[in-house]
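This report concerns only the one structure given below.
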Amino acid sequence: MTTLKSKLQEDLNAAIKGRDELRSSTLRLTLTAITKEEVAGTEKRELSDDEVLKVITREAKKRREAAEAFAQGGRAESAEREKAEGEVLAEYLPQQLSDDELDELVGQAVEEARAAGAEGPKAMGQVMKIVNPKVAGRAEGGRVAAAVKRRLL
């Protein structure tokens with residue numbers, strides 16, 4: 001078992017013993033998503049920590065989107081629950097980049113792309129290829145794309 005998955009399992013056990021309903025249900029759903037990912041495809045496999053992190057990131061994004069949808073639909077209680085679940089999952093994700101750090105990484109990527117001959121808005125794809133591995137898991141794709149667009153225009 002990977003270290004991140006075993007940490008989730010240990011934290012789930014602690015949450016169950018401590019009768020923390022929010023944390024235990026959130027971790028159960030996340031572990032279920034990990035297991036589902038492990039058995040997807042033709043044969044069962046063990047996920048690496050990076051793959052587990054991607055599943056957690058995907059689950060956190062689902063919570064954010066659901067919270068926004070509930071808030072827009074006037075269901076504040078459900079929106080708060082989704083936000084709280086997202087905060088539980090955020091504890092397992094790497095520290096997110098600040099806007100300044102993200103802008104700095106995007107600036108470096110734009111310079112690299114320009115050095116390779118890419119200019120203007122058409123360079124978006126090339127810049128994204130350069131910057132995505134650098135920000136992996138530390139910034140949401142939409143945030144990265146918006147920062148790249150600002151730099152290229």
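Residue numbering restarts at 1 for every chain of the structure tokens, chains are lettered A, B, ... in their displayed order, and ligands are numbered from 1 as they appear.
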Would you kindly return, as an NGL selection string, each protein, DNA or RNA residue with an atom no farther than 9 Å from any atom of Lys61 in chain A, considering only C-alpha atoms and excluding same-chain residues fewer than 5 positions away? :A and (56 or 66 or 86 or 140)
Hey, can you spit out that residue selection with all heavy atoms as a PDB file, in the first residue's frame?
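Dumped to again_28.pdb:
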ATOM      1  N   ILE A  56      -7.239  12.365  -5.302  1.00  0.00           N
ATOM      2  CA  ILE A  56      -7.638  13.291  -4.234  1.00  0.00           C
ATOM      3  C   ILE A  56      -7.917  14.676  -4.823  1.00  0.00           C
ATOM      4  O   ILE A  56      -8.894  15.330  -4.463  1.00  0.00           O
ATOM      5  CB  ILE A  56      -6.561  13.365  -3.132  1.00  0.00           C
ATOM      6  CG1 ILE A  56      -6.426  12.013  -2.440  1.00  0.00           C
ATOM      7  CG2 ILE A  56      -6.907  14.449  -2.110  1.00  0.00           C
ATOM      8  CD1 ILE A  56      -5.247  11.923  -1.479  1.00  0.00           C
ATOM      9  N   ALA A  66     -19.395  21.273  -6.610  1.00  0.00           N
ATOM     10  CA  ALA A  66     -20.694  20.987  -5.990  1.00  0.00           C
ATOM     11  C   ALA A  66     -21.086  22.107  -5.031  1.00  0.00           C
ATOM     12  O   ALA A  66     -22.252  22.509  -4.979  1.00  0.00           O
ATOM     13  CB  ALA A  66     -20.648  19.654  -5.253  1.00  0.00           C
ATOM     14  N   GLY A  86     -14.229  19.562   1.176  1.00  0.00           N
ATOM     15  CA  GLY A  86     -13.090  20.029   0.380  1.00  0.00           C
ATOM     16  C   GLY A  86     -11.914  20.429   1.253  1.00  0.00           C
ATOM     17  O   GLY A  86     -10.756  20.184   0.911  1.00  0.00           O
ATOM     18  N   GLU A 140      -4.534  24.720 -10.040  1.00  0.00           N
ATOM     19  CA  GLU A 140      -5.584  24.174 -10.887  1.00  0.00           C
ATOM     20  C   GLU A 140      -5.347  24.598 -12.334  1.00  0.00           C
ATOM     21  O   GLU A 140      -4.869  25.705 -12.603  1.00  0.00           O
ATOM     22  CB  GLU A 140      -6.923  24.711 -10.393  1.00  0.00           C
ATOM     23  CG  GLU A 140      -8.077  23.815 -10.711  1.00  0.00           C
ATOM     24  CD  GLU A 140      -9.336  24.296 -10.038  1.00  0.00           C
ATOM     25  OE1 GLU A 140      -9.537  23.945  -8.862  1.00  0.00           O
ATOM     26  OE2 GLU A 140     -10.100  25.024 -10.690  1.00  0.00           O
TER      27      GLU A 140
END
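Among the candidates A:Asn132, A:Val127, A:Ala69, A:Ser98, the residue lying nearest to Ala115 in chain A is A:Val127 (atoms considered: only C-alpha atoms).
Among the candidates A:Arg19, A:Lys122, A:Lys5, A:Arg45, the residue lying nearest to Thr32 in chain A is A:Lys5 (atoms considered: only C-alpha atoms).
Among the candidate residues A:Gly18, A:Gly125, A:Gly137, A:Gly107, the one lying nearest to Gln95 in chain A is A:Gly137, with distances computed using only C-alpha atoms.
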